[in-house]
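Visitor: Structure supplied as upload04.cif; contents: mmCIF, C-alpha atoms.
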```cif
data_structure
loop_
_atom_site.group_PDB
_atom_site.id
_atom_site.type_symbol
_atom_site.label_atom_id
_atom_site.label_comp_id
_atom_site.auth_asym_id
_atom_site.auth_seq_id
_atom_site.Cartn_x
_atom_site.Cartn_y
_atom_site.Cartn_z
ATOM 1 C CA MET A 1 -22.289 2.660 5.015
ATOM 2 C CA LYS A 2 -20.384 2.572 1.736
ATOM 3 C CA MET A 3 -16.678 1.718 1.646
ATOM 4 C CA LYS A 4 -15.617 5.271 0.679
ATOM 5 C CA GLN A 5 -17.699 6.724 3.509
ATOM 6 C CA LYS A 6 -16.123 4.270 5.951
ATOM 7 C CA LYS A 7 -12.623 5.328 4.868
ATOM 8 C CA VAL A 8 -13.437 9.019 5.295
ATOM 9 C CA PHE A 9 -15.055 8.387 8.695
ATOM 10 C CA ALA A 10 -12.033 6.348 9.861
ATOM 11 C CA LEU A 11 -9.652 9.118 8.756
ATOM 12 C CA ILE A 12 -11.655 11.828 10.548
ATOM 13 C CA LEU A 13 -11.831 9.701 13.708
ATOM 14 C CA LEU A 14 -8.082 9.085 13.609
ATOM 15 C CA ILE A 15 -7.305 12.797 13.228
ATOM 16 C CA LEU A 16 -9.657 13.664 16.099
ATOM 17 C CA CYS A 17 -7.948 11.091 18.332
ATOM 18 C CA TRP A 18 -4.578 12.546 17.367
ATOM 19 C CA LEU A 19 -5.713 16.089 18.200
ATOM 20 C CA VAL A 20 -7.069 14.998 21.599
ATOM 21 C CA SER A 21 -3.924 13.044 22.512
ATOM 22 C CA ALA A 22 -1.654 15.860 21.295
ATOM 23 C CA ALA A 23 -3.586 18.460 23.281
ATOM 24 C CA ALA A 24 -3.417 16.273 26.390
ATOM 25 C CA GLU A 25 0.317 15.816 25.924
ATOM 26 C CA GLU A 26 0.835 19.553 25.526
ATOM 27 C CA SER A 27 -1.301 20.456 28.540
ATOM 28 C CA ALA A 28 0.637 17.952 30.642
ATOM 29 C CA GLY A 29 3.894 19.543 29.543
ATOM 30 C CA GLU A 30 5.225 16.327 27.981
ATOM 31 C CA ARG A 31 7.622 16.883 25.140
ATOM 32 C CA PRO A 32 9.809 14.360 23.364
ATOM 33 C CA PRO A 33 13.571 14.526 23.995
ATOM 34 C CA GLY A 34 15.478 16.787 21.651
ATOM 35 C CA VAL A 35 12.464 18.965 20.759
ATOM 36 C CA ALA A 36 12.649 22.576 21.869
ATOM 37 C CA VAL A 37 9.354 24.387 22.309
ATOM 38 C CA PRO A 38 9.295 28.000 23.536
ATOM 39 C CA GLU A 39 7.971 28.425 27.068
ATOM 40 C CA GLY A 40 4.391 29.584 27.255
ATOM 41 C CA GLN A 41 3.565 28.355 23.760
ATOM 42 C CA GLY A 42 0.252 26.495 23.842
ATOM 43 C CA PHE A 43 -1.038 23.585 21.834
ATOM 44 C CA LEU A 44 -2.845 25.638 19.189
ATOM 45 C CA SER A 45 0.066 27.998 18.573
ATOM 46 C CA THR A 46 2.393 25.001 18.311
ATOM 47 C CA VAL A 47 0.173 23.139 15.828
ATOM 48 C CA LEU A 48 -0.205 26.248 13.646
ATOM 49 C CA SER A 49 3.512 27.091 13.669
ATOM 50 C CA LEU A 50 6.121 26.951 10.925
ATOM 51 C CA GLU A 51 9.432 25.972 12.447
ATOM 52 C CA LYS A 52 12.485 27.684 11.022
ATOM 53 C CA LEU A 53 14.985 25.577 9.129
ATOM 54 C CA LYS A 54 18.664 25.477 9.928
ATOM 55 C CA GLU A 55 21.522 23.719 8.200
ATOM 56 C CA LYS A 56 22.930 20.691 9.976
ATOM 57 C CA THR A 57 26.330 20.899 11.594
ATOM 58 C CA PRO A 58 29.217 18.836 10.136
ATOM 59 C CA GLU A 59 28.819 16.390 13.038
ATOM 60 C CA GLU A 60 25.154 15.654 12.257
ATOM 61 C CA LYS A 61 24.217 12.811 9.940
ATOM 62 C CA ARG A 62 23.393 13.866 6.356
ATOM 63 C CA TRP A 63 23.415 10.648 4.311
ATOM 64 C CA PHE A 64 20.808 7.900 4.714
ATOM 65 C CA PHE A 65 20.191 4.557 3.032
ATOM 66 C CA THR A 66 16.881 2.675 3.329
ATOM 67 C CA LEU A 67 15.985 -0.834 2.143
ATOM 68 C CA GLY A 68 12.495 -2.324 2.350
ATOM 69 C CA ALA A 69 10.885 -5.637 1.318
ATOM 70 C CA TRP A 70 7.904 -7.929 1.853
ATOM 71 C CA TYR A 71 7.239 -11.502 0.759
ATOM 72 C CA GLU A 72 4.165 -13.656 1.269
ATOM 73 C CA LYS A 73 3.067 -16.929 -0.287
ATOM 74 C CA LYS A 74 -0.116 -18.989 -0.012
ATOM 75 C CA LEU A 75 -0.371 -22.630 -1.095
ATOM 76 C CA GLY A 76 -3.515 -24.743 -1.336
ATOM 77 C CA ASN A 77 -6.680 -24.366 -3.384
ATOM 78 C CA THR A 78 -5.285 -21.036 -4.571
ATOM 79 C CA ASP A 79 -1.537 -20.562 -4.976
ATOM 80 C CA MET A 80 -0.583 -16.928 -4.573
ATOM 81 C CA MET A 81 2.686 -15.064 -4.212
ATOM 82 C CA ARG A 82 3.263 -11.359 -3.508
ATOM 83 C CA VAL A 83 6.566 -9.548 -3.225
ATOM 84 C CA ASN A 84 7.619 -5.912 -3.122
ATOM 85 C CA GLY A 85 10.875 -4.098 -2.553
ATOM 86 C CA SER A 86 12.219 -0.584 -2.243
ATOM 87 C CA ALA A 87 15.551 1.218 -2.013
ATOM 88 C CA LEU A 88 16.295 4.844 -1.208
ATOM 89 C CA VAL A 89 19.466 6.933 -0.989
ATOM 90 C CA GLU A 90 19.008 10.337 0.627
ATOM 91 C CA PHE A 91 21.194 13.377 1.344
ATOM 92 C CA ASN A 92 19.660 15.940 3.714
ATOM 93 C CA ASN A 93 21.528 18.831 5.300
ATOM 94 C CA GLY A 94 18.435 20.489 6.754
ATOM 95 C CA VAL A 95 18.014 22.981 3.901
ATOM 96 C CA SER A 96 18.666 20.914 0.771
ATOM 97 C CA GLU A 97 17.683 17.339 -0.031
ATOM 98 C CA PHE A 98 18.676 14.910 -2.782
ATOM 99 C CA ILE A 99 16.866 11.572 -3.211
ATOM 100 C CA ILE A 100 17.195 8.545 -5.494
ATOM 101 C CA SER A 101 14.555 5.851 -4.928
ATOM 102 C CA TRP A 102 12.924 2.784 -6.488
ATOM 103 C CA LEU A 103 9.702 0.934 -5.548
ATOM 104 C CA GLN A 104 8.778 -2.424 -7.128
ATOM 105 C CA PHE A 105 5.710 -4.733 -6.950
ATOM 106 C CA TYR A 106 5.220 -8.247 -8.344
ATOM 107 C CA SER A 107 2.365 -10.773 -7.758
ATOM 108 C CA GLU A 108 1.263 -14.148 -9.141
ATOM 109 C CA LYS A 109 -1.889 -16.245 -8.743
ATOM 110 C CA ASN A 110 -1.872 -19.913 -9.754
ATOM 111 C CA GLY A 111 1.299 -19.235 -11.747
ATOM 112 C CA ASP A 112 -0.172 -16.315 -13.701
ATOM 113 C CA ARG A 113 1.265 -12.850 -13.197
ATOM 114 C CA PHE A 114 -1.378 -10.270 -12.283
ATOM 115 C CA GLU A 115 0.819 -7.441 -11.015
ATOM 116 C CA GLU A 116 4.182 -6.045 -12.079
ATOM 117 C CA ASN A 117 5.011 -2.368 -11.835
ATOM 118 C CA GLY A 118 7.732 -0.059 -10.596
ATOM 119 C CA THR A 119 8.506 3.585 -9.919
ATOM 120 C CA GLY A 120 11.893 5.321 -9.774
ATOM 121 C CA ILE A 121 12.493 8.928 -8.729
ATOM 122 C CA ILE A 122 15.438 11.331 -8.753
ATOM 123 C CA LYS A 123 14.682 14.585 -6.908
ATOM 124 C CA PHE A 124 16.489 17.666 -5.612
ATOM 125 C CA ASP A 125 14.862 20.167 -3.224
ATOM 126 C CA HIS A 126 16.229 23.407 -1.787
ATOM 127 C CA TYR A 127 14.520 25.839 0.576
ATOM 128 C CA LEU A 128 14.787 29.507 -0.397
ATOM 129 C CA ILE A 129 13.054 30.514 2.840
ATOM 130 C CA SER A 130 11.321 28.450 5.546
ATOM 131 C CA MET A 131 8.007 28.305 3.669
ATOM 132 C CA LEU A 132 9.166 28.264 0.030
ATOM 133 C CA GLU A 133 11.137 25.563 -1.755
ATOM 134 C CA ILE A 134 12.291 24.974 -5.325
ATOM 135 C CA PHE A 135 12.610 21.438 -6.690
ATOM 136 C CA LEU A 136 13.719 19.468 -9.734
ATOM 137 C CA PHE A 137 12.641 15.890 -10.386
ATOM 138 C CA SER A 138 12.530 13.076 -12.892
ATOM 139 C CA GLN A 139 10.311 10.001 -12.483
ATOM 140 C CA LEU A 140 10.201 6.690 -14.351
ATOM 141 C CA ASP A 141 7.208 4.335 -14.228
ATOM 142 C CA TYR A 142 6.216 1.072 -15.869
ATOM 143 C CA ASN A 143 3.217 -1.251 -15.490
ATOM 144 C CA ILE A 144 3.183 -4.481 -17.471
ATOM 145 C CA ILE A 145 -0.475 -5.260 -16.718
ATOM 146 C CA THR A 146 -1.790 -1.945 -18.086
ATOM 147 C CA GLY A 147 0.527 -2.068 -21.103
ATOM 148 C CA LEU A 148 2.701 0.845 -19.976
ATOM 149 C CA ARG A 149 6.248 -0.019 -21.019
ATOM 150 C CA LEU A 150 7.736 3.310 -19.906
ATOM 151 C CA ARG A 151 6.602 6.670 -18.636
ATOM 152 C CA SER A 152 9.193 9.398 -18.094
ATOM 153 C CA THR A 153 8.065 12.577 -16.333
ATOM 154 C CA SER A 154 10.433 15.482 -15.638
ATOM 155 C CA GLY A 155 9.904 19.003 -14.373
ATOM 156 C CA ALA A 156 10.748 21.788 -11.947
ATOM 157 C CA GLY A 157 8.517 23.815 -9.662
ATOM 158 C CA LEU A 158 7.786 25.455 -6.313
ATOM 159 C CA LYS A 159 6.536 24.104 -3.006
ATOM 160 C CA PHE A 160 4.751 26.191 -0.356
ATOM 161 C CA VAL A 161 4.735 24.941 3.246
ATOM 162 C CA PHE A 162 1.741 25.910 5.416
ATOM 163 C CA PHE A 163 2.757 24.309 8.730
ATOM 164 C CA ARG A 164 5.837 22.394 9.894
ATOM 165 C CA ASN A 165 6.282 21.402 13.519
ATOM 166 C CA ARG A 166 6.604 18.356 15.772
ATOM 167 C CA TYR A 167 2.946 17.434 15.238
ATOM 168 C CA TRP A 168 2.549 17.687 11.489
ATOM 169 C CA THR A 169 3.735 19.081 8.153
ATOM 170 C CA THR A 170 1.482 20.096 5.284
ATOM 171 C CA ASP A 171 2.388 21.656 1.934
ATOM 172 C CA VAL A 172 1.334 22.107 -1.686
ATOM 173 C CA SER A 173 3.465 22.168 -4.829
ATOM 174 C CA ALA A 174 3.049 22.813 -8.531
ATOM 175 C CA ALA A 175 5.232 22.245 -11.591
ATOM 176 C CA PRO A 176 5.031 22.121 -15.394
ATOM 177 C CA VAL A 177 6.266 18.724 -16.606
ATOM 178 C CA PHE A 178 7.207 17.023 -19.852
ATOM 179 C CA GLU A 179 5.954 13.465 -20.241
ATOM 180 C CA TYR A 180 7.014 10.642 -22.551
ATOM 181 C CA GLU A 181 4.879 7.476 -22.625
ATOM 182 C CA ARG A 182 5.366 4.243 -24.512
ATOM 183 C CA TYR A 183 2.764 1.482 -24.518
ATOM 184 C CA THR A 184 2.548 -2.112 -25.750
ATOM 185 C CA PRO A 185 2.320 -2.803 -28.614
ATOM 186 C CA ASP A 186 3.442 0.530 -30.122
ATOM 187 C CA PRO A 187 1.678 3.784 -29.139
ATOM 188 C CA THR A 188 4.062 6.562 -28.065
ATOM 189 C CA TYR A 189 3.015 9.940 -26.652
ATOM 190 C CA ARG A 190 4.918 13.128 -25.887
ATOM 191 C CA ARG A 191 3.005 15.843 -24.071
ATOM 192 C CA PHE A 192 3.162 18.627 -21.517
ATOM 193 C CA ARG A 193 1.272 18.402 -18.246
ATOM 194 C CA ALA A 194 0.814 20.350 -15.050
ATOM 195 C CA SER A 195 1.546 18.558 -11.783
ATOM 196 C CA PHE A 196 -0.187 19.596 -8.548
ATOM 197 C CA ARG A 197 0.553 17.892 -5.250
ATOM 198 C CA TYR A 198 -0.809 18.117 -1.701
ATOM 199 C CA ARG A 199 1.110 16.395 1.096
ATOM 200 C CA LEU A 200 0.265 15.778 4.743
ATOM 201 C CA LYS A 201 2.493 14.213 7.406
ATOM 202 C CA ILE A 202 1.095 13.589 10.896
ATOM 203 C CA ARG A 203 3.062 12.271 13.860
ATOM 204 C CA ILE A 204 0.535 10.278 15.867
ATOM 205 C CA MET A 205 2.985 9.186 18.570
ATOM 206 C CA GLU A 206 6.709 9.312 19.146
ATOM 207 C CA ARG A 207 7.363 6.418 16.742
ATOM 208 C CA LEU A 208 4.187 6.312 14.644
ATOM 209 C CA SER A 209 3.467 8.623 11.717
ATOM 210 C CA LEU A 210 0.904 8.855 8.912
ATOM 211 C CA ASN A 211 1.854 10.247 5.504
ATOM 212 C CA GLY A 212 -0.505 11.073 2.650
ATOM 213 C CA THR A 213 0.111 12.549 -0.797
ATOM 214 C CA VAL A 214 -2.424 13.474 -3.485
ATOM 215 C CA PHE A 215 -1.396 14.119 -7.106
ATOM 216 C CA TYR A 216 -3.471 15.766 -9.824
ATOM 217 C CA VAL A 217 -1.644 15.704 -13.186
ATOM 218 C CA PRO A 218 -3.733 17.088 -16.079
ATOM 219 C CA LEU A 219 -2.732 17.866 -19.657
ATOM 220 C CA LEU A 220 -1.805 21.524 -20.001
ATOM 221 C CA ASP A 221 -4.241 22.033 -22.875
ATOM 222 C CA ASN A 222 -7.102 19.940 -21.435
ATOM 223 C CA PHE A 223 -7.630 19.653 -17.657
ATOM 224 C CA ARG A 224 -10.338 17.005 -18.171
ATOM 225 C CA LYS A 225 -7.669 14.520 -19.227
ATOM 226 C CA TYR A 226 -5.663 13.759 -16.126
ATOM 227 C CA ARG A 227 -4.137 11.310 -13.687
ATOM 228 C CA PHE A 228 -5.221 11.381 -10.052
ATOM 229 C CA ASN A 229 -3.114 9.412 -7.579
ATOM 230 C CA ILE A 230 -3.218 8.917 -3.818
ATOM 231 C CA ASP A 231 -0.308 7.488 -1.822
ATOM 232 C CA ALA A 232 -0.885 6.894 1.894
ATOM 233 C CA GLU A 233 1.256 5.094 4.437
ATOM 234 C CA ALA A 234 1.586 4.416 8.155
ATOM 235 C CA VAL A 235 5.144 4.004 9.456
ATOM 236 C CA LEU A 236 6.047 2.531 12.853
ATOM 237 C CA ASN A 237 9.674 3.002 13.888
ATOM 238 C CA VAL A 238 10.441 -0.084 15.980
ATOM 239 C CA THR A 239 13.985 0.578 17.164
ATOM 240 C CA ALA A 240 14.995 4.230 16.687
ATOM 241 C CA HIS A 241 15.308 6.607 19.621
ATOM 242 C CA ALA A 242 14.084 10.197 19.603
ATOM 243 C CA ASP A 243 17.603 11.612 19.448
ATOM 244 C CA ARG A 244 18.710 9.717 16.325
ATOM 245 C CA GLU A 245 17.371 8.812 12.905
ATOM 246 C CA GLY A 246 17.192 5.339 11.392
ATOM 247 C CA GLY A 247 16.410 1.851 12.584
ATOM 248 C CA VAL A 248 13.900 -0.891 11.736
ATOM 249 C CA MET A 249 10.481 0.265 10.572
ATOM 250 C CA LEU A 250 7.158 -1.402 9.767
ATOM 251 C CA LYS A 251 5.244 0.236 6.934
ATOM 252 C CA GLY A 252 1.694 -0.242 5.673
ATOM 253 C CA GLY A 253 0.710 1.512 2.460
ATOM 254 C CA TYR A 254 -2.266 2.240 0.207
ATOM 255 C CA ARG A 255 -1.991 3.360 -3.437
ATOM 256 C CA ARG A 256 -4.821 4.573 -5.650
ATOM 257 C CA GLN A 257 -4.040 5.357 -9.290
ATOM 258 C CA TYR A 258 -6.640 6.728 -11.687
ATOM 259 C CA SER A 259 -6.153 7.848 -15.300
ATOM 260 C CA THR A 260 -8.665 9.101 -17.849
ATOM 261 C CA PHE A 261 -6.455 7.585 -20.573
ATOM 262 C CA VAL A 262 -6.029 3.808 -20.751
ATOM 263 C CA LEU A 263 -5.602 1.281 -23.524
ATOM 264 C CA PRO A 264 -8.687 -0.616 -24.762
ATOM 265 C CA LYS A 265 -9.970 -3.295 -22.324
ATOM 266 C CA LYS A 266 -7.931 -1.803 -19.470
ATOM 267 C CA LYS A 267 -9.433 -0.282 -16.333
ATOM 268 C CA LYS A 268 -8.971 3.365 -15.421
ATOM 269 C CA LEU A 269 -8.570 2.674 -11.702
ATOM 270 C CA ASP A 270 -5.965 0.625 -9.826
ATOM 271 C CA GLU A 271 -5.807 0.477 -6.040
ATOM 272 C CA PHE A 272 -4.005 -1.850 -3.673
ATOM 273 C CA TYR A 273 -2.613 -2.238 -0.161
ATOM 274 C CA TYR A 274 0.866 -3.406 0.787
ATOM 275 C CA ALA A 275 3.215 -3.893 3.742
ATOM 276 C CA GLN A 276 6.987 -3.638 4.162
ATOM 277 C CA VAL A 277 9.738 -4.133 6.683
ATOM 278 C CA GLN A 278 12.339 -1.390 6.262
ATOM 279 C CA LEU A 279 15.869 -0.805 7.510
ATOM 280 C CA LYS A 280 17.162 2.776 7.554
ATOM 281 C CA LEU A 281 20.888 3.339 8.017
#
```
Is it possible to give me this structure as structure tokens?
Guide:
Amino acid sequence: MKMKQKKVFALILLILCWLVSAAAEESAGERPPGVAVPEGQGFLSTVLSLEKLKEKTPEEKRWFFTLGAWYEKKLGNTDMMRVNGSALVEFNNGVSEFIISWLQFYSEKNGDRFEENGTGIIKFDHYLISMLEIFLFSQLDYNIITGLRLRSTSGAGLKFVFFRNRYWTTDVSAAPVFEYERYTPDPTYRRFRASFRYRLKIRIMERLSLNGTVFYVPLLDNFRKYRFNIDAEAVLNVTAHADREGGVMLKGGYRRQYSTFVLPKKKKLDEFYYAQVQLKL
């Protein structure tokens, strides 16, 4: 079995296990503390529901700060060092959300750098109704290894939510964006793109969740020239209780980044796995 087939099979198996365990939990009448589910509502109607949003009360927490990092080093026949870090500031009142975040990766092998890249995002979201949201965002990226000195992407668009409940959330979004790219040594590009995103969040257990996001970002005048990215992560909340947010979390992530445009002698595809310990306050 090929590697891609194994990944797809593992994902399908995981989702099936989640559905079975969720159905068993529902049939047994077990519900996590703080989650209100109407009486008589079965598993299927719960999974296919779109919970209504409500603004948080002044007493509820609205501001959050998250720090994450990972460091590993190997010495011997091959000396290797990997480090990553992240920071996030978030305001969420239940209807609107504002986020500033940064994610950084750096790796060396036998003293030679083979990975250095980072991504920063500023984003504002506001729900017009429970299933429809408007958003504004600006994103900065750089990747020393691929020659990308700076990429700035900014836009505004709409997000449509299919389902949102205690089991999962899934939505799609679209936005026109303006992109500025600067490469080493000198090439600079300014162009308009479309940005399409699909997102899936699944709560496997009370403290374990899986999150996946797929991006398709083609040029507006040529959809055969595009970027296609996948971000997936598993997050285990080690310390938080069901009735409060925050705590210590363990995170494992996978990133796949593909672009039809690269500099000469550079590869179109980058993919890697990473881990983090996070603290959310």
Visitor: Rank A:Arg182, A:Lys54, A:Lys73, A:Arg207 by their smallest atom-to-atom distance to Val248 (chain A), using all atoms listed in the file, and report the top residue only.
Guide: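 Comparing A:Arg182, A:Lys54, A:Lys73, A:Arg207 against Val248 (chain A), the winner is A:Arg207.
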Visitor: Determine, counting only C-alpha atoms, which protein, DNA and RNA residues have an atom within 7 Å of an atom of Arg191 (chain A); residues of the same chain fewer than 6 positions away are not included. Present the result as a compact mmCIF listing (two decimals) with C-alpha atoms, keeping the file's coordinate frame.
Guide:
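See selection.txt below for the written result:
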```
# COMPACT_ATOMS: atom_id res chain seq x y z
CA PHE A 178 7.21 17.02 -19.85
CA GLU A 179 5.95 13.46 -20.24
CA TYR A 180 7.01 10.64 -22.55
```
Visitor: Taking the file as I've supplied it (selection: the PyMOL selection byres ((chain A and resi 181) around 8)), which residues are included? Please answer as a list of chain:residue names.
Guide: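 So the PyMOL selection byres ((chain A and resi 181) around 8) ends up selecting A:Leu148, A:Arg149, A:Leu150, A:Arg151, A:Ser152, A:Glu179, A:Tyr180, A:Arg182, A:Tyr183, A:Thr188, A:Tyr189, A:Arg190.
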Visitor: Could you list, as a PDB file with C-alpha atoms, in the coordinates of the input, every residue within 8 Å of region 252-256 of chain A, counting only C-alpha atoms and ignoring same-chain residues fewer than 4 positions away?
Guide:
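File produced: around-v5.pdb:
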```pdb
ATOM      1  CA  ASN A 229      -3.114   9.412  -7.579  1.00  0.00           C
ATOM      2  CA  ILE A 230      -3.218   8.917  -3.818  1.00  0.00           C
ATOM      3  CA  ASP A 231      -0.308   7.488  -1.822  1.00  0.00           C
ATOM      4  CA  ALA A 232      -0.885   6.894   1.894  1.00  0.00           C
ATOM      5  CA  GLU A 233       1.256   5.094   4.437  1.00  0.00           C
ATOM      6  CA  ALA A 234       1.586   4.416   8.155  1.00  0.00           C
ATOM      7  CA  VAL A 235       5.144   4.004   9.456  1.00  0.00           C
ATOM      8  CA  LEU A 269      -8.570   2.674 -11.702  1.00  0.00           C
ATOM      9  CA  ASP A 270      -5.965   0.625  -9.826  1.00  0.00           C
ATOM     10  CA  GLU A 271      -5.807   0.477  -6.040  1.00  0.00           C
ATOM     11  CA  PHE A 272      -4.005  -1.850  -3.673  1.00  0.00           C
ATOM     12  CA  TYR A 273      -2.613  -2.238  -0.161  1.00  0.00           C
ATOM     13  CA  TYR A 274       0.866  -3.406   0.787  1.00  0.00           C
ATOM     14  CA  ALA A 275       3.215  -3.893   3.742  1.00  0.00           C
ATOM     15  CA  GLN A 276       6.987  -3.638   4.162  1.00  0.00           C
TER      16      GLN A 276
END
```
Visitor: Translate the PyMOL selection byres ((chain A and resi 119) around 12) into a concrete residue list for this structure, as an NGL selection string.
Guide: :A and (84-88 or 100-105 or 116-118 or 120-122 or 138-143 or 148-153)
Visitor: Expressed in Å to a single decimal, how great is the separation between CA of Ile202 (chain A) and CA of Arg166 (chain A)?
Guide: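 The value is 8.8 Å.
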Visitor: To one decimal place in Å, what is the distance between CA of Ser209 (chain A) and CA of Glu59 (chain A)?
Guide: 26.5 Å
Visitor: How far is it from CA of Val262 (chain A) to CA of Gly147 (chain A), in Å with one decimal?
Guide: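 Calculated distance between CA of Val262 (chain A) and CA of Gly147 (chain A) is 8.8 Å.
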Visitor: Give as a list in words every residue, naming chains and numbers as the document does, that has an atom within 12 Å of (4.4, 28.1, -2.2), counting all atoms listed in the file.
Guide: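 These residues have at least one counted atom within 12 Å: Tyr127, Leu128, Ile129, Ser130, Met131, Leu132, Glu133, Ile134, Phe135, Gly157, Leu158, Lys159, Phe160, Val161, Phe162, Phe163, Thr170, Asp171, Val172, Ser173, Ala174, Ala175, Phe196, Arg197 and Tyr198 of chain A.
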Visitor: Write a file of the just-selected residues containing C-alpha atoms, as a PDB file, in the coordinates of the input.
Guide:
```pdb
ATOM      1  CA  TYR A 127      14.520  25.839   0.576  1.00  0.00           C
ATOM      2  CA  LEU A 128      14.787  29.507  -0.397  1.00  0.00           C
ATOM      3  CA  ILE A 129      13.054  30.514   2.840  1.00  0.00           C
ATOM      4  CA  SER A 130      11.321  28.450   5.546  1.00  0.00           C
ATOM      5  CA  MET A 131       8.007  28.305   3.669  1.00  0.00           C
ATOM      6  CA  LEU A 132       9.166  28.264   0.030  1.00  0.00           C
ATOM      7  CA  GLU A 133      11.137  25.563  -1.755  1.00  0.00           C
ATOM      8  CA  ILE A 134      12.291  24.974  -5.325  1.00  0.00           C
ATOM      9  CA  PHE A 135      12.610  21.438  -6.690  1.00  0.00           C
ATOM     10  CA  GLY A 157       8.517  23.815  -9.662  1.00  0.00           C
ATOM     11  CA  LEU A 158       7.786  25.455  -6.313  1.00  0.00           C
ATOM     12  CA  LYS A 159       6.536  24.104  -3.006  1.00  0.00           C
ATOM     13  CA  PHE A 160       4.751  26.191  -0.356  1.00  0.00           C
ATOM     14  CA  VAL A 161       4.735  24.941   3.246  1.00  0.00           C
ATOM     15  CA  PHE A 162       1.741  25.910   5.416  1.00  0.00           C
ATOM     16  CA  PHE A 163       2.757  24.309   8.730  1.00  0.00           C
ATOM     17  CA  THR A 170       1.482  20.096   5.284  1.00  0.00           C
ATOM     18  CA  ASP A 171       2.388  21.656   1.934  1.00  0.00           C
ATOM     19  CA  VAL A 172       1.334  22.107  -1.686  1.00  0.00           C
ATOM     20  CA  SER A 173       3.465  22.168  -4.829  1.00  0.00           C
ATOM     21  CA  ALA A 174       3.049  22.813  -8.531  1.00  0.00           C
ATOM     22  CA  ALA A 175       5.232  22.245 -11.591  1.00  0.00           C
ATOM     23  CA  PHE A 196      -0.187  19.596  -8.548  1.00  0.00           C
ATOM     24  CA  ARG A 197       0.553  17.892  -5.250  1.00  0.00           C
ATOM     25  CA  TYR A 198      -0.809  18.117  -1.701  1.00  0.00           C
TER      26      TYR A 198
END
```
Visitor: For region 63-65 of chain A, work out the shell of residues within 9 Å, counting all atoms listed in the file and skipping chain neighbours fewer than 4 positions away, then give it as an NGL selection string.
Guide: :A and (87-93 or 245-246 or 279-281)
Visitor: Take the PyMOL selection byres ((chain A and resi 136) around 6), run it mentally on this structure, and tell me the resulting residues as number ranges by chain.
Guide: A: 123-124, 135, 137, 156
Visitor: Looking at all atoms listed in the file, which of A:Val95, A:Leu236, A:Val217, A:Leu200 is the one that sits closest to Lys56 (chain A)?
Guide: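 Nearest to Lys56 (chain A): A:Val95.
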Visitor: Within 9 Å of (-3.4, -23.7, -8.2), in the coordinates the file gives, what residues turn up when you count all atoms listed in the file, written out as a compact mmCIF listing (two decimals) with C-alpha atoms, in the frame of the given file?
Guide:
```
# COMPACT_ATOMS: atom_id res chain seq x y z
CA LEU A 75 -0.37 -22.63 -1.10
CA GLY A 76 -3.52 -24.74 -1.34
CA ASN A 77 -6.68 -24.37 -3.38
CA THR A 78 -5.28 -21.04 -4.57
CA ASP A 79 -1.54 -20.56 -4.98
CA MET A 80 -0.58 -16.93 -4.57
CA LYS A 109 -1.89 -16.24 -8.74
CA ASN A 110 -1.87 -19.91 -9.75
CA GLY A 111 1.30 -19.24 -11.75
```
Visitor: Would you mind putting back N, CA, C and O atoms on region 97-104 of chain A, then writing it out as a PDB file, in the frame of the given file?
Guide:
```pdb
ATOM      1  N   GLU A  97      17.891  18.780  -0.078  1.00  0.00           N
ATOM      2  CA  GLU A  97      17.683  17.339  -0.031  1.00  0.00           C
ATOM      3  C   GLU A  97      17.823  16.760  -1.437  1.00  0.00           C
ATOM      4  O   GLU A  97      17.308  17.325  -2.398  1.00  0.00           O
ATOM      5  N   PHE A  98      18.525  15.633  -1.520  1.00  0.00           N
ATOM      6  CA  PHE A  98      18.676  14.910  -2.782  1.00  0.00           C
ATOM      7  C   PHE A  98      18.282  13.455  -2.544  1.00  0.00           C
ATOM      8  O   PHE A  98      18.759  12.826  -1.594  1.00  0.00           O
ATOM      9  N   ILE A  99      17.403  12.922  -3.403  1.00  0.00           N
ATOM     10  CA  ILE A  99      16.866  11.572  -3.211  1.00  0.00           C
ATOM     11  C   ILE A  99      16.921  10.784  -4.522  1.00  0.00           C
ATOM     12  O   ILE A  99      16.585  11.300  -5.582  1.00  0.00           O
ATOM     13  N   ILE A 100      17.335   9.531  -4.423  1.00  0.00           N
ATOM     14  CA  ILE A 100      17.195   8.545  -5.494  1.00  0.00           C
ATOM     15  C   ILE A 100      16.459   7.357  -4.897  1.00  0.00           C
ATOM     16  O   ILE A 100      16.891   6.803  -3.874  1.00  0.00           O
ATOM     17  N   SER A 101      15.339   6.937  -5.516  1.00  0.00           N
ATOM     18  CA  SER A 101      14.555   5.851  -4.928  1.00  0.00           C
ATOM     19  C   SER A 101      13.957   4.963  -6.012  1.00  0.00           C
ATOM     20  O   SER A 101      13.793   5.373  -7.165  1.00  0.00           O
ATOM     21  N   TRP A 102      13.614   3.729  -5.608  1.00  0.00           N
ATOM     22  CA  TRP A 102      12.924   2.784  -6.488  1.00  0.00           C
ATOM     23  C   TRP A 102      11.954   1.964  -5.659  1.00  0.00           C
ATOM     24  O   TRP A 102      12.280   1.527  -4.552  1.00  0.00           O
ATOM     25  N   LEU A 103      10.731   1.737  -6.203  1.00  0.00           N
ATOM     26  CA  LEU A 103       9.702   0.934  -5.548  1.00  0.00           C
ATOM     27  C   LEU A 103       9.158  -0.061  -6.557  1.00  0.00           C
ATOM     28  O   LEU A 103       8.765   0.322  -7.663  1.00  0.00           O
ATOM     29  N   GLN A 104       9.122  -1.350  -6.196  1.00  0.00           N
ATOM     30  CA  GLN A 104       8.778  -2.424  -7.128  1.00  0.00           C
ATOM     31  C   GLN A 104       7.726  -3.347  -6.528  1.00  0.00           C
ATOM     32  O   GLN A 104       7.776  -3.686  -5.338  1.00  0.00           O
TER      33      GLN A 104
END
```
